[in-house]
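Trainee: Input file: upload-v3.pdb. Contents: PDB, C-alpha atoms.
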ATOM      1  CA  MET Q   1      -0.628  46.736 -29.766
ATOM      2  CA  LYS Q   2      -0.140  44.743 -26.608
ATOM      3  CA  SER Q   3      -3.126  42.606 -25.763
ATOM      4  CA  LYS Q   4      -5.024  43.265 -22.500
ATOM      5  CA  LYS Q   5      -7.102  40.887 -20.445
ATOM      6  CA  PHE Q   6      -9.686  41.739 -17.846
ATOM      7  CA  GLU Q   7      -9.766  38.865 -15.403
ATOM      8  CA  SER Q   8     -12.752  37.987 -13.293
ATOM      9  CA  ASN Q   9     -12.120  35.589 -10.471
ATOM     10  CA  ILE Q  10     -15.373  33.695 -10.221
ATOM     11  CA  SER Q  11     -14.170  31.050  -7.809
ATOM     12  CA  GLN Q  12     -11.014  30.472  -5.826
ATOM     13  CA  ARG Q  13     -12.073  27.279  -4.062
ATOM     14  CA  ASP Q  14      -9.966  24.145  -4.517
ATOM     15  CA  GLY Q  15      -7.164  26.279  -5.940
ATOM     16  CA  ALA Q  16      -9.054  26.918  -9.182
ATOM     17  CA  ARG Q  17      -9.338  30.281 -10.923
ATOM     18  CA  ASP Q  18     -11.973  30.778 -13.615
ATOM     19  CA  LEU Q  19     -10.732  33.533 -15.908
ATOM     20  CA  THR Q  20     -13.127  35.360 -18.173
ATOM     21  CA  VAL Q  21     -11.600  37.245 -21.089
ATOM     22  CA  LEU Q  22     -13.605  40.282 -22.169
ATOM     23  CA  ASP Q  23     -13.608  41.792 -25.629
ATOM     24  CA  ALA Q  24     -13.170  45.570 -25.770
ATOM     25  CA  GLY Q  25     -11.678  48.224 -28.009
ATOM     26  CA  GLY Q  26      -7.972  47.688 -28.587
ATOM     27  CA  VAL Q  27      -8.110  44.142 -27.266
ATOM     28  CA  ASP Q  28      -6.702  41.494 -29.585
ATOM     29  CA  GLU Q  29      -7.965  38.312 -27.940
ATOM     30  CA  VAL Q  30     -11.656  37.446 -28.104
ATOM     31  CA  SER Q  31     -13.303  34.722 -26.038
ATOM     32  CA  VAL Q  32     -16.836  33.458 -25.557
ATOM     33  CA  ILE Q  33     -18.076  34.459 -22.101
ATOM     34  CA  PRO Q  34     -20.234  31.905 -20.267
ATOM     35  CA  TRP Q  35     -23.407  33.838 -19.508
ATOM     36  CA  SER Q  36     -24.097  31.744 -16.404
ATOM     37  CA  LEU Q  37     -20.808  32.827 -14.817
ATOM     38  CA  LEU Q  38     -21.483  36.475 -15.552
ATOM     39  CA  LEU Q  39     -25.011  36.197 -14.157
ATOM     40  CA  ARG Q  40     -23.747  34.589 -10.960
ATOM     41  CA  GLN Q  41     -21.153  37.314 -10.528
ATOM     42  CA  LYS Q  42     -23.738  40.018 -11.165
ATOM     43  CA  ILE Q  43     -26.097  38.594  -8.557
ATOM     44  CA  VAL Q  44     -23.276  38.280  -6.036
ATOM     45  CA  GLN Q  45     -22.288  41.918  -6.598
ATOM     46  CA  THR Q  46     -25.899  43.133  -6.408
ATOM     47  CA  VAL Q  47     -26.982  41.169  -3.346
ATOM     48  CA  GLY Q  48     -23.652  41.474  -1.588
ATOM     49  CA  VAL Q  49     -23.490  37.772  -0.690
ATOM     50  CA  SER Q  50     -20.596  35.525  -1.585
ATOM     51  CA  ARG Q  51     -21.231  32.488  -3.722
ATOM     52  CA  ARG Q  52     -20.330  30.190  -0.835
ATOM     53  CA  LYS Q  53     -23.001  31.730   1.378
ATOM     54  CA  ALA Q  54     -25.552  31.671  -1.429
ATOM     55  CA  THR Q  55     -24.804  28.009  -2.086
ATOM     56  CA  LEU Q  56     -25.078  27.185   1.619
ATOM     57  CA  ALA Q  57     -28.433  28.985   1.827
ATOM     58  CA  VAL Q  58     -29.800  27.056  -1.155
ATOM     59  CA  LEU Q  59     -28.557  23.725   0.197
ATOM     60  CA  LEU Q  60     -30.057  24.216   3.648
ATOM     61  CA  SER Q  61     -33.333  25.622   2.295
ATOM     62  CA  CYS Q  62     -33.834  22.545   0.136
ATOM     63  CA  VAL Q  63     -32.949  20.212   3.013
ATOM     64  CA  PHE Q  64     -35.456  22.037   5.225
ATOM     65  CA  THR Q  65     -38.176  21.727   2.571
ATOM     66  CA  VAL Q  66     -38.005  17.921   2.500
ATOM     67  CA  SER Q  67     -37.188  17.318   6.196
ATOM     68  CA  PHE Q  68     -40.025  19.535   7.420
ATOM     69  CA  MET Q  69     -42.618  17.344   5.699
ATOM     70  CA  ILE Q  70     -41.469  14.067   7.267
ATOM     71  CA  THR Q  71     -43.297  14.652  10.557
ATOM     72  CA  LEU Q  72     -45.909  17.172   9.439
ATOM     73  CA  LEU Q  73     -48.806  14.712   9.707
ATOM     74  CA  VAL Q  74     -47.828  13.098  13.023
ATOM     75  CA  VAL Q  75     -50.565  14.815  15.033
ATOM     76  CA  SER Q  76     -53.086  14.823  12.167
ATOM     77  CA  LEU Q  77     -53.105  11.109  11.341
ATOM     78  CA  LYS Q  78     -56.768  10.683  12.289
ATOM     79  CA  THR Q  79     -57.787  13.486   9.933
ATOM     80  CA  VAL Q  80     -55.876  11.901   7.065
ATOM     81  CA  ALA Q  81     -57.197   8.419   7.909
ATOM     82  CA  ASP Q  82     -60.805   9.628   7.885
ATOM     83  CA  ASP Q  83     -60.252  11.407   4.585
ATOM     84  CA  LEU Q  84     -58.846   8.266   2.941
ATOM     85  CA  GLY Q  85     -61.247   5.837   4.598
ATOM     86  CA  SER Q  86     -58.533   4.042   6.549
ATOM     87  CA  THR Q  87     -57.396   3.536  10.131
ATOM     88  CA  THR Q  88     -54.807   5.401  12.155
ATOM     89  CA  SER Q  89     -52.625   2.308  12.564
ATOM     90  CA  ILE Q  90     -52.333   1.911   8.785
ATOM     91  CA  ILE Q  91     -51.879   5.611   8.024
ATOM     92  CA  SER Q  92     -49.130   5.752  10.652
ATOM     93  CA  TRP Q  93     -46.951   4.072   8.015
ATOM     94  CA  ALA Q  94     -47.095   7.375   6.133
ATOM     95  CA  ILE Q  95     -44.837   8.607   8.948
ATOM     96  CA  THR Q  96     -42.901   5.444   9.788
ATOM     97  CA  ALA Q  97     -41.958   4.473   6.233
ATOM     98  CA  PRO Q  98     -40.596   7.926   5.235
ATOM     99  CA  MET Q  99     -38.557   8.139   8.439
ATOM    100  CA  LEU Q 100     -37.233   4.659   7.747
ATOM    101  CA  ALA Q 101     -36.358   5.689   4.193
ATOM    102  CA  PHE Q 102     -34.485   8.705   5.530
ATOM    103  CA  GLY Q 103     -32.451   6.563   7.892
ATOM    104  CA  VAL Q 104     -31.750   3.637   5.552
ATOM    105  CA  VAL Q 105     -31.482   5.194   2.093
ATOM    106  CA  GLY Q 106     -29.755   8.424   3.161
ATOM    107  CA  PRO Q 107     -26.331   6.903   3.920
ATOM    108  CA  ALA Q 108     -26.484   4.975   0.645
ATOM    109  CA  PHE Q 109     -26.954   8.236  -1.251
ATOM    110  CA  GLY Q 110     -23.782   9.543   0.363
ATOM    111  CA  LYS Q 111     -21.819   6.719  -1.271
ATOM    112  CA  ILE Q 112     -23.712   7.160  -4.555
ATOM    113  CA  GLY Q 113     -22.739  10.841  -4.514
ATOM    114  CA  ASP Q 114     -19.085   9.865  -4.233
ATOM    115  CA  LEU Q 115     -19.482   7.633  -7.279
ATOM    116  CA  TRP Q 116     -21.739   9.730  -9.529
ATOM    117  CA  GLY Q 117     -21.218  13.273  -8.249
ATOM    118  CA  HIS Q 118     -23.085  15.051  -5.460
ATOM    119  CA  LYS Q 119     -24.695  17.632  -7.726
ATOM    120  CA  ARG Q 120     -26.437  14.948  -9.736
ATOM    121  CA  VAL Q 121     -27.599  13.193  -6.562
ATOM    122  CA  PHE Q 122     -28.814  16.431  -4.942
ATOM    123  CA  VAL Q 123     -30.774  17.643  -7.964
ATOM    124  CA  GLY Q 124     -32.152  14.182  -8.732
ATOM    125  CA  GLY Q 125     -33.253  13.578  -5.151
ATOM    126  CA  LEU Q 126     -34.962  16.959  -4.945
ATOM    127  CA  PHE Q 127     -36.756  16.319  -8.235
ATOM    128  CA  VAL Q 128     -38.012  12.913  -7.052
ATOM    129  CA  ALA Q 129     -39.178  14.447  -3.759
ATOM    130  CA  GLY Q 130     -41.137  17.127  -5.618
ATOM    131  CA  VAL Q 131     -42.759  14.743  -8.103
ATOM    132  CA  PHE Q 132     -43.996  12.336  -5.447
ATOM    133  CA  ALA Q 133     -45.096  15.205  -3.203
ATOM    134  CA  MET Q 134     -47.428  16.160  -6.043
ATOM    135  CA  CYS Q 135     -48.570  12.536  -6.288
ATOM    136  CA  THR Q 136     -49.236  12.498  -2.525
ATOM    137  CA  ALA Q 137     -51.632  15.411  -2.892
ATOM    138  CA  PHE Q 138     -53.731  13.273  -5.247
ATOM    139  CA  ALA Q 139     -53.500  10.006  -3.283
ATOM    140  CA  TRP Q 140     -56.771   8.058  -3.531
ATOM    141  CA  ASN Q 141     -56.313   5.621  -0.646
ATOM    142  CA  ALA Q 142     -53.998   4.766   2.231
ATOM    143  CA  PRO Q 143     -51.607   2.428   0.351
ATOM    144  CA  SER Q 144     -51.083   4.947  -2.455
ATOM    145  CA  MET Q 145     -50.329   7.713   0.034
ATOM    146  CA  ILE Q 146     -47.880   5.549   1.968
ATOM    147  CA  VAL Q 147     -46.053   4.590  -1.228
ATOM    148  CA  PHE Q 148     -45.900   8.173  -2.514
ATOM    149  CA  ARG Q 149     -44.720   9.543   0.839
ATOM    150  CA  THR Q 150     -42.045   6.850   1.084
ATOM    151  CA  LEU Q 151     -40.729   7.504  -2.427
ATOM    152  CA  SER Q 152     -40.734  11.254  -1.811
ATOM    153  CA  ALA Q 153     -38.794  10.808   1.427
ATOM    154  CA  ALA Q 154     -36.384   8.386  -0.241
ATOM    155  CA  GLY Q 155     -35.567  11.034  -2.833
ATOM    156  CA  GLY Q 156     -35.319  13.745  -0.195
ATOM    157  CA  SER Q 157     -32.921  11.661   1.889
ATOM    158  CA  ALA Q 158     -30.262  12.296  -0.766
ATOM    159  CA  LEU Q 159     -30.117  15.991   0.113
ATOM    160  CA  GLY Q 160     -28.570  15.734   3.573
ATOM    161  CA  PRO Q 161     -25.404  13.803   2.619
ATOM    162  CA  ALA Q 162     -24.971  15.854  -0.557
ATOM    163  CA  ALA Q 163     -25.296  19.125   1.365
ATOM    164  CA  MET Q 164     -22.672  17.980   3.876
ATOM    165  CA  ALA Q 165     -20.361  16.980   1.026
ATOM    166  CA  TYR Q 166     -20.644  20.460  -0.485
ATOM    167  CA  ILE Q 167     -19.966  22.085   2.886
ATOM    168  CA  ASN Q 168     -16.813  20.016   3.318
ATOM    169  CA  ARG Q 169     -15.635  21.049  -0.140
ATOM    170  CA  MET Q 170     -16.531  24.746   0.061
ATOM    171  CA  PHE Q 171     -15.109  25.483   3.493
ATOM    172  CA  ASP Q 172     -11.683  24.839   4.947
ATOM    173  CA  PRO Q 173     -11.520  22.685   8.099
ATOM    174  CA  SER Q 174     -11.121  25.780  10.270
ATOM    175  CA  GLU Q 175     -14.275  27.316   8.749
ATOM    176  CA  ARG Q 176     -16.624  24.332   8.866
ATOM    177  CA  VAL Q 177     -17.874  24.608  12.445
ATOM    178  CA  ARG Q 178     -20.559  27.212  11.757
ATOM    179  CA  PRO Q 179     -21.923  25.829   8.444
ATOM    180  CA  LEU Q 180     -21.980  22.293   9.845
ATOM    181  CA  GLY Q 181     -23.827  23.679  12.866
ATOM    182  CA  TYR Q 182     -26.408  25.189  10.520
ATOM    183  CA  TRP Q 183     -26.657  21.854   8.717
ATOM    184  CA  SER Q 184     -27.222  19.996  11.997
ATOM    185  CA  PHE Q 185     -29.831  22.525  13.104
ATOM    186  CA  VAL Q 186     -31.789  22.149   9.862
ATOM    187  CA  THR Q 187     -31.644  18.349   9.680
ATOM    188  CA  ALA Q 188     -32.597  17.927  13.350
ATOM    189  CA  GLY Q 189     -34.834  20.971  13.779
ATOM    190  CA  ALA Q 190     -36.967  20.743  10.648
ATOM    191  CA  PRO Q 191     -38.770  17.523  11.718
ATOM    192  CA  VAL Q 192     -39.426  19.044  15.151
ATOM    193  CA  LEU Q 193     -40.927  22.149  13.573
ATOM    194  CA  GLY Q 194     -42.998  19.868  11.360
ATOM    195  CA  VAL Q 195     -44.634  18.288  14.409
ATOM    196  CA  VAL Q 196     -45.345  21.681  15.981
ATOM    197  CA  ALA Q 197     -46.663  23.344  12.829
ATOM    198  CA  GLY Q 198     -48.503  20.304  11.487
ATOM    199  CA  VAL Q 199     -51.824  20.761  13.290
ATOM    200  CA  PRO Q 200     -52.451  24.442  12.433
ATOM    201  CA  LEU Q 201     -51.260  24.023   8.846
ATOM    202  CA  VAL Q 202     -53.489  21.000   8.237
ATOM    203  CA  ALA Q 203     -56.427  22.750   9.908
ATOM    204  CA  ILE Q 204     -56.013  25.911   7.812
ATOM    205  CA  PHE Q 205     -54.956  24.591   4.403
ATOM    206  CA  GLY Q 206     -55.688  20.862   4.455
ATOM    207  CA  TRP Q 207     -53.052  18.157   4.100
ATOM    208  CA  ARG Q 208     -53.397  17.858   0.334
ATOM    209  CA  THR Q 209     -52.771  21.569  -0.206
ATOM    210  CA  ILE Q 210     -49.577  21.404   1.843
ATOM    211  CA  PHE Q 211     -48.103  18.809  -0.503
ATOM    212  CA  LEU Q 212     -49.280  20.830  -3.493
ATOM    213  CA  ILE Q 213     -47.201  23.704  -2.104
ATOM    214  CA  GLN Q 214     -44.168  21.518  -1.431
ATOM    215  CA  ALA Q 215     -44.003  20.179  -4.995
ATOM    216  CA  PRO Q 216     -43.282  23.492  -6.809
ATOM    217  CA  LEU Q 217     -40.874  24.524  -4.052
ATOM    218  CA  CYS Q 218     -38.849  21.378  -4.716
ATOM    219  CA  LEU Q 219     -38.889  21.909  -8.468
ATOM    220  CA  ILE Q 220     -37.820  25.550  -8.108
ATOM    221  CA  GLY Q 221     -35.029  24.378  -5.823
ATOM    222  CA  CYS Q 222     -33.985  21.920  -8.552
ATOM    223  CA  LEU Q 223     -33.593  24.711 -11.091
ATOM    224  CA  ILE Q 224     -31.615  26.912  -8.694
ATOM    225  CA  ALA Q 225     -29.378  24.003  -7.650
ATOM    226  CA  MET Q 226     -28.691  23.060 -11.276
ATOM    227  CA  TRP Q 227     -27.577  26.625 -11.960
ATOM    228  CA  LEU Q 228     -25.704  27.396  -8.730
ATOM    229  CA  LEU Q 229     -24.047  24.172  -7.596
ATOM    230  CA  GLY Q 230     -20.724  23.185  -9.054
ATOM    231  CA  ASP Q 231     -19.773  19.680 -10.082
ATOM    232  CA  THR Q 232     -17.863  17.530  -7.598
ATOM    233  CA  GLU Q 233     -15.175  15.028  -8.409
ATOM    234  CA  ARG Q 234     -16.147  11.389  -8.709
ATOM    235  CA  ARG Q 235     -14.267   8.761  -6.743
ATOM    236  CA  THR Q 236     -13.427   5.540  -8.506
ATOM    237  CA  ASN Q 237     -11.739   3.819  -5.566
ATOM    238  CA  VAL Q 238     -14.945   3.178  -3.587
ATOM    239  CA  LYS Q 239     -17.610   0.491  -3.958
ATOM    240  CA  PHE Q 240     -21.293   0.556  -3.153
ATOM    241  CA  ASP Q 241     -22.338  -2.043  -0.572
ATOM    242  CA  ILE Q 242     -25.585  -3.225  -2.148
ATOM    243  CA  LYS Q 243     -25.860  -6.295   0.074
ATOM    244  CA  GLY Q 244     -25.425  -4.298   3.274
ATOM    245  CA  ALA Q 245     -27.970  -1.669   2.226
ATOM    246  CA  LEU Q 246     -30.543  -4.347   1.379
ATOM    247  CA  LEU Q 247     -30.008  -6.198   4.658
ATOM    248  CA  LEU Q 248     -30.379  -2.991   6.662
ATOM    249  CA  GLY Q 249     -33.539  -1.989   4.825
ATOM    250  CA  VAL Q 250     -35.208  -5.403   4.980
ATOM    251  CA  GLY Q 251     -34.333  -5.971   8.634
ATOM    252  CA  SER Q 252     -35.555  -2.558   9.766
ATOM    253  CA  VAL Q 253     -38.802  -2.798   7.782
ATOM    254  CA  LEU Q 254     -39.652  -6.268   9.102
ATOM    255  CA  ILE Q 255     -39.035  -5.357  12.739
ATOM    256  CA  LEU Q 256     -41.092  -2.163  12.455
ATOM    257  CA  LEU Q 257     -43.830  -4.105  10.673
ATOM    258  CA  ALA Q 258     -44.010  -6.597  13.539
ATOM    259  CA  ILE Q 259     -44.207  -3.772  16.086
ATOM    260  CA  ASN Q 260     -46.806  -1.832  14.099
ATOM    261  CA  ARG Q 261     -49.102  -4.772  13.319
ATOM    262  CA  GLY Q 262     -48.549  -6.551  16.634
ATOM    263  CA  PRO Q 263     -51.706  -5.171  18.313
ATOM    264  CA  SER Q 264     -53.957  -6.407  15.486
ATOM    265  CA  TRP Q 265     -52.137  -9.661  14.711
ATOM    266  CA  GLY Q 266     -51.312 -10.405  18.335
ATOM    267  CA  PHE Q 267     -47.772 -10.092  19.659
ATOM    268  CA  GLY Q 268     -47.699 -13.801  20.434
ATOM    269  CA  SER Q 269     -49.068 -14.909  17.070
ATOM    270  CA  SER Q 270     -46.994 -16.964  14.664
ATOM    271  CA  ARG Q 271     -47.252 -14.250  11.981
ATOM    272  CA  THR Q 272     -45.810 -11.531  14.208
ATOM    273  CA  SER Q 273     -43.086 -13.832  15.526
ATOM    274  CA  LEU Q 274     -42.070 -14.922  12.024
ATOM    275  CA  VAL Q 275     -41.842 -11.349  10.701
ATOM    276  CA  ALA Q 276     -39.834 -10.191  13.727
ATOM    277  CA  LEU Q 277     -37.532 -13.223  13.514
ATOM    278  CA  LEU Q 278     -36.802 -12.605   9.830
ATOM    279  CA  GLY Q 279     -35.965  -8.985  10.639
ATOM    280  CA  VAL Q 280     -33.588 -10.024  13.413
ATOM    281  CA  PHE Q 281     -31.861 -12.524  11.115
ATOM    282  CA  ALA Q 282     -31.396  -9.864   8.418
ATOM    283  CA  LEU Q 283     -29.782  -7.454  10.890
ATOM    284  CA  TYR Q 284     -27.654 -10.275  12.318
ATOM    285  CA  PHE Q 285     -26.277 -11.107   8.873
ATOM    286  CA  LEU Q 286     -25.568  -7.406   8.364
ATOM    287  CA  PHE Q 287     -23.641  -7.268  11.644
ATOM    288  CA  ALA Q 288     -21.754 -10.470  10.805
ATOM    289  CA  GLN Q 289     -20.784  -9.087   7.415
ATOM    290  CA  SER Q 290     -19.664  -5.752   8.851
ATOM    291  CA  SER Q 291     -17.701  -7.276  11.733
ATOM    292  CA  ARG Q 292     -15.401  -9.078   9.283
ATOM    293  CA  ARG Q 293     -14.232  -5.801   7.822
ATOM    294  CA  VAL Q 294     -11.289  -3.869   9.176
ATOM    295  CA  ILE Q 295     -12.418  -0.515  10.536
ATOM    296  CA  ARG Q 296      -9.414   1.724  10.060
ATOM    297  CA  CYS Q 297     -10.518   4.392  12.523
ATOM    298  CA  CYS Q 298     -10.478   1.826  15.369
ATOM    299  CA  HIS Q 299      -6.727   1.461  14.861
ATOM    300  CA  SER Q 300      -6.253   5.155  15.638
ATOM    301  CA  ASN Q 301      -5.305   5.759  19.270
ATOM    302  CA  GLY Q 302      -6.743   9.280  19.150
ATOM    303  CA  PHE Q 303     -10.109   8.036  17.911
ATOM    304  CA  VAL Q 304     -10.281   5.280  20.529
ATOM    305  CA  ARG Q 305      -9.409   7.690  23.361
ATOM    306  CA  ALA Q 306     -11.991  10.230  22.195
ATOM    307  CA  MET Q 307     -14.757   7.620  21.975
ATOM    308  CA  SER Q 308     -13.789   6.187  25.374
ATOM    309  CA  ARG Q 309     -14.101   9.604  27.000
ATOM    310  CA  PHE Q 310     -17.464  10.159  25.284
ATOM    311  CA  LEU Q 311     -18.843   6.823  26.514
ATOM    312  CA  TRP Q 312     -17.467   7.413  29.995
TER     313      TRP Q 312
END
How would this structure read if it were set down as structure tokens?
Mentor:
Amino acid sequence: MKSKKFESNISQRDGARDLTVLDAGGVDEVSVIPWSLLLRQKIVQTVGVSRRKATLAVLLSCVFTVSFMITLLVVSLKTVADDLGSTTSIISWAITAPMLAFGVVGPAFGKIGDLWGHKRVFVGGLFVAGVFAMCTAFAWNAPSMIVFRTLSAAGGSALGPAAMAYINRMFDPSERVRPLGYWSFVTAGAPVLGVVAGVPLVAIFGWRTIFLIQAPLCLIGCLIAMWLLGDTERRTNVKFDIKGALLLGVGSVLILLAINRGPSWGFGSSRTSLVALLGVFALYFLFAQSSRRVIRCCHSNGFVRAMSRFLW
């Protein structure tokens, strides 16, 4: 009897077709069916949402979860400082350091995702953010809270570049405008909402409870991302600029430290001047190192014209 195959097209992105062969009466060929693929297809059919949209929703929800917490305590610093027996100027580093981690470590995670795979970076970053969010809830003094918040934000900074990488792979260039708009809205809007919602949330639940809520949300997001996200290809023709990342981080931290501690140390003191000078030197060496490299996009006439019109 002629063999029959029932094909289920799980994914058509990147030109790939995942074929599932079902065993039924009169069918000669038997194959093991990956239960995860069948479960995904069943959920898609039940909910009526394509896998691309479901993946986009999970990516943006996780990004919102970590970005929202960056600025949540901006208006409630005095409450947190009194609770931990510290001062507002010191506790302000619980906001400054995470924002610095987002800006410095985030781009590095984009390159790490190219080397190791964006799924691994996304899930790992979300897991780290959740673990140290739990640690933040049990912080016993100001330094411990600042360290835990910084490590949580450093892990969460991996989500933005990884989410953008998935969007670029899931959607064709003509389809990327809307999902990238959603991505921009979440990454830029979540910190703003954190400032607005911070005061009532801290007043109602307390700042420790908020981080206790964030931790399981991150861990649940990890499990969903591990199940839903597909693996991305790894690039072997790129290198990670460790020296540049270190110079950027050290320079930014030293300059912000001089600005933050200037009122107590004295802006004209030798300590403040030395810290600021070291930060400037670190950023200068970073600029000198980068300026020696050939930036290919600057050799494109279209790119130069577009940037000239933008600046004009």
Trainee: Could you give me, as a list in words, the residues within 9 Å of Q:Val75, counting only C-alpha atoms and dropping anything in the same chain fewer than 3 positions from it?
Mentor: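 Once the adjacent positions are removed, what remains is Thr71, Leu72, Lys78, Thr79, Val195, Val196, Gly198 and Val199 of chain Q.
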Trainee: From the set Q:Leu217, Q:Ala282, Q:Ala245, Q:Ile204, which residue has the shortest atom-to-atom contact distance to Q:Ala129, counting all atoms listed in the file?
Mentor: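 Closest candidate: Q:Leu217.
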Trainee: How close does each residue of stretch 178-236 of chain Q get to stretch 154-174 of chain Q, giving the shortest atom pair and distance in Å to one decimal for every residue with an atom at most 8 Å away, counting all atoms listed in the file, sorted by chain and residue number, as JSON lines?
Mentor:
{"residue": "Q:Pro179", "atom": "CA", "partner": "Q:Ile167", "partner_atom": "CA", "distance": 7.0}
{"residue": "Q:Leu180", "atom": "CA", "partner": "Q:Ile167", "partner_atom": "CA", "distance": 7.2}
{"residue": "Q:Trp183", "atom": "CA", "partner": "Q:Met164", "partner_atom": "CA", "distance": 7.4}
{"residue": "Q:Thr187", "atom": "CA", "partner": "Q:Gly160", "partner_atom": "CA", "distance": 7.3}
Trainee: Using all atoms listed in the file, find each residue of stretch 182-266 of chain Q with at least one atom at most 9 Å away from an atom of stretch 137-153 of chain Q; report its shortest atom-to-atom pair and that distance in Å (one decimal), sort the rows by chain and rising residue number, and return the result as a tab-separated table.
Mentor:
residue	atom	partner	partner_atom	distance
Q:Trp207	CA	Q:Ala137	CA	7.6
Q:Arg208	CA	Q:Ala137	CA	4.4
Q:Thr209	CA	Q:Ala137	CA	6.8
Q:Ile210	CA	Q:Ala137	CA	7.9
Q:Phe211	CA	Q:Ala137	CA	5.5
Q:Leu212	CA	Q:Ala137	CA	5.9
Trainee: Find the residue from Q:Ala188, Q:Ala97, Q:Ala203, Q:Ala133 that sits nearest to Q:Phe64; use all atoms listed in the file when measuring.
Mentor: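 That would be Q:Ala188, the residue with the smallest distance to Q:Phe64.
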Trainee: Would you mind telling me which residue in Q:Gly130, Q:Gly279, Q:Pro191, Q:Gly110 lies nearest to Q:Gln214 when using all atoms listed in the file?
Mentor: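 Checking each candidate against Q:Gln214, we get Q:Gly130 as the closest.
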Trainee: Evaluate the PyMOL selection byres ((chain Q and resi 258) around 10) on the structure here and hand back the selected residues as a PDB file with C-alpha atoms, in the frame of the given file.
Mentor:
ATOM      1  CA  VAL Q 253     -38.802  -2.798   7.782  1.00  0.00           C
ATOM      2  CA  LEU Q 254     -39.652  -6.268   9.102  1.00  0.00           C
ATOM      3  CA  ILE Q 255     -39.035  -5.357  12.739  1.00  0.00           C
ATOM      4  CA  LEU Q 256     -41.092  -2.163  12.455  1.00  0.00           C
ATOM      5  CA  LEU Q 257     -43.830  -4.105  10.673  1.00  0.00           C
ATOM      6  CA  ILE Q 259     -44.207  -3.772  16.086  1.00  0.00           C
ATOM      7  CA  ASN Q 260     -46.806  -1.832  14.099  1.00  0.00           C
ATOM      8  CA  ARG Q 261     -49.102  -4.772  13.319  1.00  0.00           C
ATOM      9  CA  GLY Q 262     -48.549  -6.551  16.634  1.00  0.00           C
ATOM     10  CA  PRO Q 263     -51.706  -5.171  18.313  1.00  0.00           C
ATOM     11  CA  TRP Q 265     -52.137  -9.661  14.711  1.00  0.00           C
ATOM     12  CA  GLY Q 266     -51.312 -10.405  18.335  1.00  0.00           C
ATOM     13  CA  PHE Q 267     -47.772 -10.092  19.659  1.00  0.00           C
ATOM     14  CA  ARG Q 271     -47.252 -14.250  11.981  1.00  0.00           C
ATOM     15  CA  THR Q 272     -45.810 -11.531  14.208  1.00  0.00           C
ATOM     16  CA  SER Q 273     -43.086 -13.832  15.526  1.00  0.00           C
ATOM     17  CA  LEU Q 274     -42.070 -14.922  12.024  1.00  0.00           C
ATOM     18  CA  VAL Q 275     -41.842 -11.349  10.701  1.00  0.00           C
ATOM     19  CA  ALA Q 276     -39.834 -10.191  13.727  1.00  0.00           C
ATOM     20  CA  LEU Q 277     -37.532 -13.223  13.514  1.00  0.00           C
ATOM     21  CA  GLY Q 279     -35.965  -8.985  10.639  1.00  0.00           C
TER      22      GLY Q 279
END
